[in-house]
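start_22.txt (compact mmCIF, N, CA and C atoms and all ligand atoms) appears below.
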# COMPACT_ATOMS: atom_id res chain seq x y z
N MET A 1 -3.33 -10.45 -54.43
CA MET A 1 -2.26 -9.54 -54.02
C MET A 1 -2.81 -8.39 -53.18
N SER A 2 -3.97 -7.86 -53.57
CA SER A 2 -4.52 -6.73 -52.82
C SER A 2 -4.89 -7.16 -51.41
N ASN A 3 -5.23 -8.44 -51.28
CA ASN A 3 -5.55 -8.98 -49.96
C ASN A 3 -4.33 -8.90 -49.03
N PHE A 4 -3.18 -9.25 -49.62
CA PHE A 4 -1.93 -9.19 -48.86
C PHE A 4 -1.68 -7.77 -48.33
N TRP A 5 -1.83 -6.79 -49.22
CA TRP A 5 -1.58 -5.40 -48.82
C TRP A 5 -2.58 -4.93 -47.77
N ASN A 6 -3.82 -5.38 -47.95
CA ASN A 6 -4.84 -5.01 -46.97
C ASN A 6 -4.50 -5.56 -45.58
N GLU A 7 -4.08 -6.84 -45.59
CA GLU A 7 -3.74 -7.46 -44.31
C GLU A 7 -2.52 -6.80 -43.68
N LEU A 8 -1.55 -6.49 -44.53
CA LEU A 8 -0.34 -5.82 -44.04
C LEU A 8 -0.71 -4.47 -43.42
N GLU A 9 -1.56 -3.75 -44.13
CA GLU A 9 -1.94 -2.43 -43.65
C GLU A 9 -2.68 -2.51 -42.32
N SER A 10 -3.62 -3.45 -42.22
CA SER A 10 -4.39 -3.54 -40.98
C SER A 10 -3.51 -4.06 -39.85
N GLY A 11 -2.54 -4.93 -40.21
CA GLY A 11 -1.60 -5.41 -39.19
C GLY A 11 -0.75 -4.28 -38.65
N LEU A 12 -0.27 -3.43 -39.54
CA LEU A 12 0.53 -2.28 -39.13
C LEU A 12 -0.29 -1.33 -38.28
N GLN A 13 -1.51 -1.13 -38.71
CA GLN A 13 -2.42 -0.23 -37.98
C GLN A 13 -2.57 -0.71 -36.53
N THR A 14 -2.80 -2.02 -36.38
CA THR A 14 -2.95 -2.59 -35.04
C THR A 14 -1.69 -2.40 -34.23
N ALA A 15 -0.53 -2.64 -34.86
CA ALA A 15 0.75 -2.49 -34.15
C ALA A 15 0.94 -1.06 -33.68
N VAL A 16 0.61 -0.12 -34.55
CA VAL A 16 0.76 1.30 -34.19
C VAL A 16 -0.18 1.64 -33.03
N GLU A 17 -1.41 1.14 -33.11
CA GLU A 17 -2.36 1.42 -32.03
C GLU A 17 -1.88 0.84 -30.70
N GLU A 18 -1.34 -0.39 -30.76
CA GLU A 18 -0.83 -1.02 -29.53
C GLU A 18 0.31 -0.20 -28.93
N CYS A 19 1.19 0.28 -29.81
CA CYS A 19 2.31 1.11 -29.35
C CYS A 19 1.82 2.38 -28.68
N GLU A 20 0.85 3.01 -29.31
CA GLU A 20 0.31 4.25 -28.75
C GLU A 20 -0.32 4.00 -27.39
N LYS A 21 -1.05 2.88 -27.30
CA LYS A 21 -1.71 2.53 -26.05
C LYS A 21 -0.68 2.31 -24.95
N ALA A 22 0.37 1.55 -25.27
CA ALA A 22 1.42 1.27 -24.29
C ALA A 22 2.12 2.56 -23.87
N GLY A 23 2.33 3.45 -24.84
CA GLY A 23 2.98 4.73 -24.55
C GLY A 23 2.15 5.57 -23.61
N ARG A 24 0.84 5.62 -23.88
CA ARG A 24 -0.04 6.41 -23.02
C ARG A 24 -0.05 5.86 -21.61
N LYS A 25 -0.07 4.54 -21.50
CA LYS A 25 -0.09 3.88 -20.19
C LYS A 25 1.19 4.21 -19.41
N ALA A 26 2.31 4.19 -20.12
CA ALA A 26 3.60 4.48 -19.47
C ALA A 26 3.64 5.92 -18.97
N VAL A 27 3.10 6.84 -19.79
CA VAL A 27 3.07 8.25 -19.38
C VAL A 27 2.22 8.43 -18.14
N THR A 28 1.04 7.80 -18.13
CA THR A 28 0.15 7.90 -16.98
C THR A 28 0.83 7.37 -15.72
N LYS A 29 1.53 6.24 -15.87
CA LYS A 29 2.19 5.63 -14.73
C LYS A 29 3.33 6.53 -14.22
N THR A 30 4.10 7.08 -15.15
CA THR A 30 5.20 7.96 -14.76
C THR A 30 4.67 9.17 -14.00
N ARG A 31 3.58 9.75 -14.53
CA ARG A 31 2.99 10.91 -13.85
C ARG A 31 2.57 10.54 -12.43
N ARG A 32 1.97 9.37 -12.30
CA ARG A 32 1.48 8.94 -11.00
C ARG A 32 2.64 8.75 -10.03
N VAL A 33 3.69 8.12 -10.50
CA VAL A 33 4.87 7.88 -9.66
C VAL A 33 5.48 9.21 -9.22
N MET A 34 5.57 10.17 -10.18
CA MET A 34 6.14 11.48 -9.84
C MET A 34 5.29 12.18 -8.80
N ARG A 35 3.99 12.13 -8.97
CA ARG A 35 3.06 12.76 -8.02
C ARG A 35 3.21 12.11 -6.65
N GLU A 36 3.33 10.80 -6.64
CA GLU A 36 3.45 10.08 -5.39
C GLU A 36 4.76 10.45 -4.68
N ASN A 37 5.84 10.51 -5.43
CA ASN A 37 7.13 10.89 -4.85
C ASN A 37 7.09 12.30 -4.29
N GLU A 38 6.42 13.18 -5.03
CA GLU A 38 6.29 14.56 -4.58
C GLU A 38 5.52 14.62 -3.26
N LEU A 39 4.45 13.84 -3.18
CA LEU A 39 3.64 13.80 -1.96
C LEU A 39 4.46 13.27 -0.79
N ARG A 40 5.25 12.21 -1.06
CA ARG A 40 6.07 11.63 0.02
C ARG A 40 7.12 12.63 0.51
N ARG A 41 7.70 13.38 -0.44
CA ARG A 41 8.68 14.40 -0.06
C ARG A 41 8.04 15.47 0.81
N THR A 42 6.86 15.94 0.36
CA THR A 42 6.15 16.98 1.12
C THR A 42 5.80 16.47 2.51
N LEU A 43 5.36 15.22 2.56
CA LEU A 43 4.99 14.63 3.85
C LEU A 43 6.19 14.61 4.79
N ARG A 44 7.34 14.22 4.26
CA ARG A 44 8.57 14.16 5.05
C ARG A 44 8.92 15.56 5.57
N ASP A 45 8.78 16.56 4.70
CA ASP A 45 9.07 17.94 5.11
C ASP A 45 8.15 18.40 6.22
N LYS A 46 6.87 18.05 6.09
CA LYS A 46 5.88 18.47 7.11
C LYS A 46 6.19 17.81 8.45
N TYR A 47 6.55 16.53 8.40
CA TYR A 47 6.91 15.85 9.64
C TYR A 47 8.13 16.52 10.27
N ALA A 48 9.09 16.87 9.43
CA ALA A 48 10.31 17.50 9.93
C ALA A 48 9.98 18.85 10.58
N GLU A 49 9.09 19.59 9.93
CA GLU A 49 8.68 20.90 10.44
C GLU A 49 8.00 20.75 11.80
N LEU A 50 7.12 19.76 11.86
CA LEU A 50 6.41 19.48 13.11
C LEU A 50 7.39 19.10 14.21
N GLY A 51 8.34 18.25 13.85
CA GLY A 51 9.35 17.84 14.81
C GLY A 51 10.18 19.01 15.31
N ARG A 52 10.53 19.91 14.40
CA ARG A 52 11.34 21.06 14.78
C ARG A 52 10.56 21.99 15.70
N LEU A 53 9.27 22.18 15.37
CA LEU A 53 8.41 23.03 16.21
C LEU A 53 8.38 22.50 17.63
N VAL A 54 8.14 21.19 17.75
CA VAL A 54 8.04 20.57 19.07
C VAL A 54 9.39 20.64 19.78
N TYR A 55 10.44 20.40 19.01
CA TYR A 55 11.79 20.42 19.61
C TYR A 55 12.12 21.82 20.14
N ASP A 56 11.84 22.83 19.31
CA ASP A 56 12.16 24.20 19.70
C ASP A 56 11.35 24.65 20.91
N ALA A 57 10.12 24.13 21.01
CA ALA A 57 9.23 24.56 22.09
C ALA A 57 9.53 23.83 23.39
N ARG A 58 10.36 22.79 23.30
CA ARG A 58 10.66 21.96 24.45
C ARG A 58 11.21 22.81 25.60
N GLY A 59 10.56 22.72 26.74
CA GLY A 59 11.05 23.44 27.92
C GLY A 59 10.74 24.92 27.91
N GLN A 60 10.14 25.40 26.82
CA GLN A 60 9.86 26.84 26.76
C GLN A 60 8.37 27.16 26.85
N GLU A 61 7.57 26.11 26.76
CA GLU A 61 6.11 26.27 26.79
C GLU A 61 5.65 27.32 25.79
N SER A 62 6.24 27.30 24.62
CA SER A 62 5.86 28.29 23.61
C SER A 62 5.46 27.61 22.30
N LEU A 63 4.88 26.43 22.42
CA LEU A 63 4.49 25.68 21.23
C LEU A 63 3.35 26.41 20.50
N ASP A 64 3.59 26.70 19.23
CA ASP A 64 2.58 27.38 18.42
C ASP A 64 1.53 26.36 17.99
N GLU A 65 0.46 26.30 18.80
CA GLU A 65 -0.55 25.26 18.57
C GLU A 65 -1.26 25.42 17.24
N GLU A 66 -1.42 26.66 16.81
CA GLU A 66 -2.08 26.89 15.53
C GLU A 66 -1.26 26.29 14.39
N GLU A 67 0.04 26.50 14.49
CA GLU A 67 0.91 25.98 13.44
C GLU A 67 0.93 24.45 13.47
N VAL A 68 0.94 23.91 14.69
CA VAL A 68 0.92 22.46 14.84
C VAL A 68 -0.36 21.90 14.22
N THR A 69 -1.49 22.53 14.55
CA THR A 69 -2.76 22.06 14.01
C THR A 69 -2.77 22.12 12.49
N SER A 70 -2.27 23.22 11.96
CA SER A 70 -2.29 23.36 10.50
C SER A 70 -1.37 22.32 9.84
N LEU A 71 -0.23 22.05 10.48
CA LEU A 71 0.67 21.01 9.97
C LEU A 71 0.00 19.65 10.02
N CYS A 72 -0.68 19.37 11.12
CA CYS A 72 -1.34 18.07 11.27
C CYS A 72 -2.44 17.89 10.23
N ILE A 73 -3.14 18.99 9.90
CA ILE A 73 -4.18 18.91 8.88
C ILE A 73 -3.56 18.59 7.53
N SER A 74 -2.45 19.27 7.21
CA SER A 74 -1.75 19.00 5.95
C SER A 74 -1.28 17.55 5.89
N ILE A 75 -0.67 17.11 6.99
CA ILE A 75 -0.15 15.74 7.05
C ILE A 75 -1.28 14.74 6.84
N GLY A 76 -2.41 14.99 7.49
CA GLY A 76 -3.56 14.09 7.34
C GLY A 76 -4.03 14.01 5.90
N ALA A 77 -4.08 15.18 5.25
CA ALA A 77 -4.56 15.23 3.86
C ALA A 77 -3.59 14.49 2.94
N ILE A 78 -2.29 14.69 3.15
CA ILE A 78 -1.30 14.01 2.30
C ILE A 78 -1.35 12.51 2.51
N ARG A 79 -1.45 12.10 3.76
CA ARG A 79 -1.51 10.66 4.05
C ARG A 79 -2.74 10.03 3.41
N GLU A 80 -3.85 10.76 3.46
CA GLU A 80 -5.07 10.26 2.84
C GLU A 80 -4.89 10.09 1.33
N ALA A 81 -4.29 11.11 0.71
CA ALA A 81 -4.05 11.06 -0.73
C ALA A 81 -3.15 9.88 -1.09
N LEU A 82 -2.11 9.67 -0.28
CA LEU A 82 -1.19 8.56 -0.53
C LEU A 82 -1.89 7.22 -0.36
N GLU A 83 -2.76 7.14 0.65
CA GLU A 83 -3.52 5.90 0.87
C GLU A 83 -4.42 5.60 -0.32
N GLU A 84 -5.06 6.66 -0.83
CA GLU A 84 -5.93 6.48 -2.00
C GLU A 84 -5.13 5.96 -3.18
N MET A 85 -3.93 6.53 -3.36
CA MET A 85 -3.07 6.08 -4.46
C MET A 85 -2.68 4.62 -4.26
N GLU A 86 -2.40 4.29 -3.01
CA GLU A 86 -2.01 2.90 -2.68
C GLU A 86 -3.19 1.95 -2.98
N ASP A 87 -4.39 2.39 -2.61
CA ASP A 87 -5.58 1.57 -2.86
C ASP A 87 -5.78 1.36 -4.35
N ALA A 88 -5.61 2.46 -5.12
CA ALA A 88 -5.79 2.38 -6.57
C ALA A 88 -4.77 1.42 -7.17
N LYS A 89 -3.54 1.50 -6.66
CA LYS A 89 -2.47 0.62 -7.16
C LYS A 89 -2.78 -0.83 -6.84
N SER A 90 -3.24 -1.09 -5.62
CA SER A 90 -3.47 -2.48 -5.24
C SER A 90 -4.67 -3.05 -6.00
N ALA A 91 -5.63 -2.18 -6.31
CA ALA A 91 -6.77 -2.64 -7.10
C ALA A 91 -6.29 -3.06 -8.49
N GLU A 92 -5.32 -2.29 -9.01
CA GLU A 92 -4.77 -2.59 -10.32
C GLU A 92 -3.93 -3.85 -10.29
N LYS A 93 -3.15 -3.99 -9.22
CA LYS A 93 -2.23 -5.12 -9.12
C LYS A 93 -2.94 -6.40 -8.70
N LYS A 94 -4.23 -6.28 -8.46
CA LYS A 94 -5.04 -7.46 -8.15
C LYS A 94 -4.66 -8.12 -6.83
N TYR A 95 -4.36 -7.32 -5.83
CA TYR A 95 -4.26 -7.89 -4.48
C TYR A 95 -4.85 -6.90 -3.49
N LYS A 96 -5.13 -7.40 -2.32
CA LYS A 96 -5.71 -6.55 -1.28
C LYS A 96 -4.66 -6.28 -0.22
N ILE A 97 -4.62 -5.04 0.25
CA ILE A 97 -3.71 -4.73 1.35
C ILE A 97 -4.54 -4.62 2.62
N CYS A 98 -4.15 -5.40 3.59
CA CYS A 98 -4.84 -5.41 4.87
C CYS A 98 -4.47 -4.15 5.66
N ALA A 99 -5.27 -3.83 6.67
CA ALA A 99 -4.96 -2.68 7.52
C ALA A 99 -3.61 -2.86 8.21
N CYS A 100 -3.18 -4.12 8.36
CA CYS A 100 -1.88 -4.39 9.01
C CYS A 100 -0.72 -4.19 8.04
N GLY A 101 -1.04 -3.96 6.77
CA GLY A 101 0.01 -3.69 5.79
C GLY A 101 0.37 -4.89 4.91
N ARG A 102 -0.16 -6.05 5.25
CA ARG A 102 0.16 -7.26 4.51
C ARG A 102 -0.61 -7.32 3.19
N LYS A 103 0.10 -7.74 2.12
CA LYS A 103 -0.55 -7.93 0.83
C LYS A 103 -1.17 -9.31 0.77
N ASN A 104 -2.39 -9.36 0.29
CA ASN A 104 -3.08 -10.65 0.16
C ASN A 104 -3.64 -10.79 -1.24
N ASP A 105 -3.91 -12.03 -1.64
CA ASP A 105 -4.53 -12.27 -2.94
C ASP A 105 -5.84 -11.50 -3.03
N LYS A 106 -6.18 -11.13 -4.26
CA LYS A 106 -7.39 -10.36 -4.48
C LYS A 106 -8.63 -11.10 -3.95
N ASP A 107 -8.62 -12.43 -4.05
CA ASP A 107 -9.78 -13.22 -3.67
C ASP A 107 -9.78 -13.60 -2.18
N ALA A 108 -8.68 -13.30 -1.49
CA ALA A 108 -8.59 -13.69 -0.08
C ALA A 108 -9.69 -13.01 0.74
N VAL A 109 -10.23 -13.76 1.71
CA VAL A 109 -11.26 -13.22 2.59
C VAL A 109 -10.63 -12.79 3.91
N PHE A 110 -9.61 -13.56 4.33
CA PHE A 110 -8.91 -13.23 5.58
C PHE A 110 -7.45 -12.93 5.29
N CYS A 111 -6.88 -12.06 6.12
CA CYS A 111 -5.48 -11.69 5.94
C CYS A 111 -4.56 -12.82 6.37
N GLN A 112 -3.52 -13.04 5.54
CA GLN A 112 -2.56 -14.09 5.87
C GLN A 112 -1.59 -13.64 6.95
N GLY A 113 -1.55 -12.36 7.20
CA GLY A 113 -0.64 -11.84 8.21
C GLY A 113 -1.27 -11.84 9.61
N CYS A 114 -2.44 -11.20 9.71
CA CYS A 114 -3.03 -11.02 11.03
C CYS A 114 -4.31 -11.84 11.21
N GLY A 115 -4.82 -12.43 10.14
CA GLY A 115 -6.02 -13.24 10.24
C GLY A 115 -7.30 -12.41 10.21
N GLY A 116 -7.15 -11.11 10.13
CA GLY A 116 -8.32 -10.23 10.10
C GLY A 116 -9.11 -10.37 8.81
N ARG A 117 -10.40 -10.03 8.88
CA ARG A 117 -11.24 -10.09 7.69
C ARG A 117 -10.86 -8.97 6.76
N LEU A 118 -10.77 -9.30 5.46
CA LEU A 118 -10.40 -8.29 4.47
C LEU A 118 -11.63 -7.63 3.87
ZN ZN B 201 -3.69 -8.19 8.27

Mind turning this structure into structure tokens?
Ligand SMILES: [Zn+2]
Amino acid sequence: MSNFWNELESGLQTAVEECEKAGRKAVTKTRRVMRENELRRTLRDKYAELGRLVYDARGQESLDEEEVTSLCISIGAIREALEEMEDAKSAEKKYKICACGRKNDKDAVFCQGCGGRL
């Protein structure tokens, strides 16, 4: 009888641990998705700002180059961060993303879209 209780206890323990593990994974994923969405929103805002600057300067030769440069630096940094996130995701999902944007099997050597070496 004590064997039964021991097995039950260790079975429950394992179930609880699995639940905790799954919960932690879900939290990490949610945080990552939120961060990614935030980055995409910021990127969109920066592009809009850049567009407005260029639009306003049109025909006036008053483009604030410093502001444009600073916006471009921000945009570059955000795009890099998003690319890194994309790379991390594809490594997890077990496929490779080619420079052309096509998803390929993790083991693929050449891209199925453009034929380029992966
Ligand atoms: Zn490709």

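Proximal residues of ligand ZN 201 (chain B) are A:Cys98, A:Ala99, A:Cys100, A:Cys111, A:Gly113, A:Cys114, A:Gly115, A:Gly116, by a cut-off of 5 Å on only N, CA and C atoms and all ligand atoms.
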
| query | Residues at most 8 Å from Leu82 in chain A, counting all atoms listed in the file, excluding those fewer than 6 positions away in the same chain, as number ranges by chain? | reply | A: 36, 39-40, 76, 88

Could you save the residues just selected, with N, CA and C atoms, as a CSV table (one decimal), in the frame of the given file?
chain,number,residue,atom,x,y,z
A,36,GLU,N,3.3,10.8,-6.6
A,36,GLU,CA,3.4,10.1,-5.4
A,36,GLU,C,4.8,10.4,-4.7
A,39,LEU,N,4.4,13.8,-3.2
A,39,LEU,CA,3.6,13.8,-2.0
A,39,LEU,C,4.5,13.3,-0.8
A,40,ARG,N,5.2,12.2,-1.1
A,40,ARG,CA,6.1,11.6,0.0
A,40,ARG,C,7.1,12.6,0.5
A,76,GLY,N,-2.4,15.0,7.5
A,76,GLY,CA,-3.6,14.1,7.3
A,76,GLY,C,-4.0,14.0,5.9
A,88,ALA,N,-5.6,2.5,-5.1
A,88,ALA,CA,-5.8,2.4,-6.6
A,88,ALA,C,-4.8,1.4,-7.2

| message | Neighbouring residues of range 101-104 of chain A were defined as those with any atom within 12 Å, considering only C-alpha atoms; residues of the same chain fewer than 3 positions away were excluded. Please report them as a ChimeraX atom specification. | response | /A:83,86-87,89-91,93-98,107-118

| task | Would you please give, as a PyMOL selection string, all residues of chain A that DSSP assigns to strand (DSSP E) based on the backbone? | result | chain A and resi 95-97+103-105

Take every atom of range 37-53 of chain A listed in the file, fit an axis-aligned box around them, add 3 Å per side, and give the centre and edge lengths in Å to one decimal as lines of an AutoDock Vina configuration file.
center_x = 7.5
center_y = 16.8
center_z = 6.1
size_x = 13.7
size_y = 18.5
size_z = 29.1

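Distances here use all atoms listed in the file; by that measure, the residue among A:Leu12, A:Leu71, A:Cys19, A:Ala77 closest to Lys46 in chain A is A:Leu71.
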
| said: Which of chain A end up as helix (DSSP H, G or I) when DSSP is run on this backbone - answer as a PyMOL selection string? | reply: chain A and resi 2-57+65-93

| message | Applying 8 Å and only N, CA and C atoms, which residues near range 47-60 of chain A remain after dropping the ones on its own chain fewer than 6 positions away? List them as an MDAnalysis selection string. | response | chainID A and resid 41 67:68 71:72 75

| query | Any idea what the distance is between atom C of Lys106 in chain A and atom N of Arg31 in chain A? | reply |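 Atom N of Arg31 in chain A lies 26.4 Å from atom C of Lys106 in chain A.
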
| request: Mind giving me the straight-line distance from CA of Thr42 in chain A to CA of Met85 in chain A in Å, one decimal? | output: 15.3 Å

| field | Å distance separating atom N of Ala81 in chain A from CA of Arg35 in chain A, one decimal place | value |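 Calculated distance between atom N of Ala81 in chain A and CA of Arg35 in chain A is 11.5 Å.
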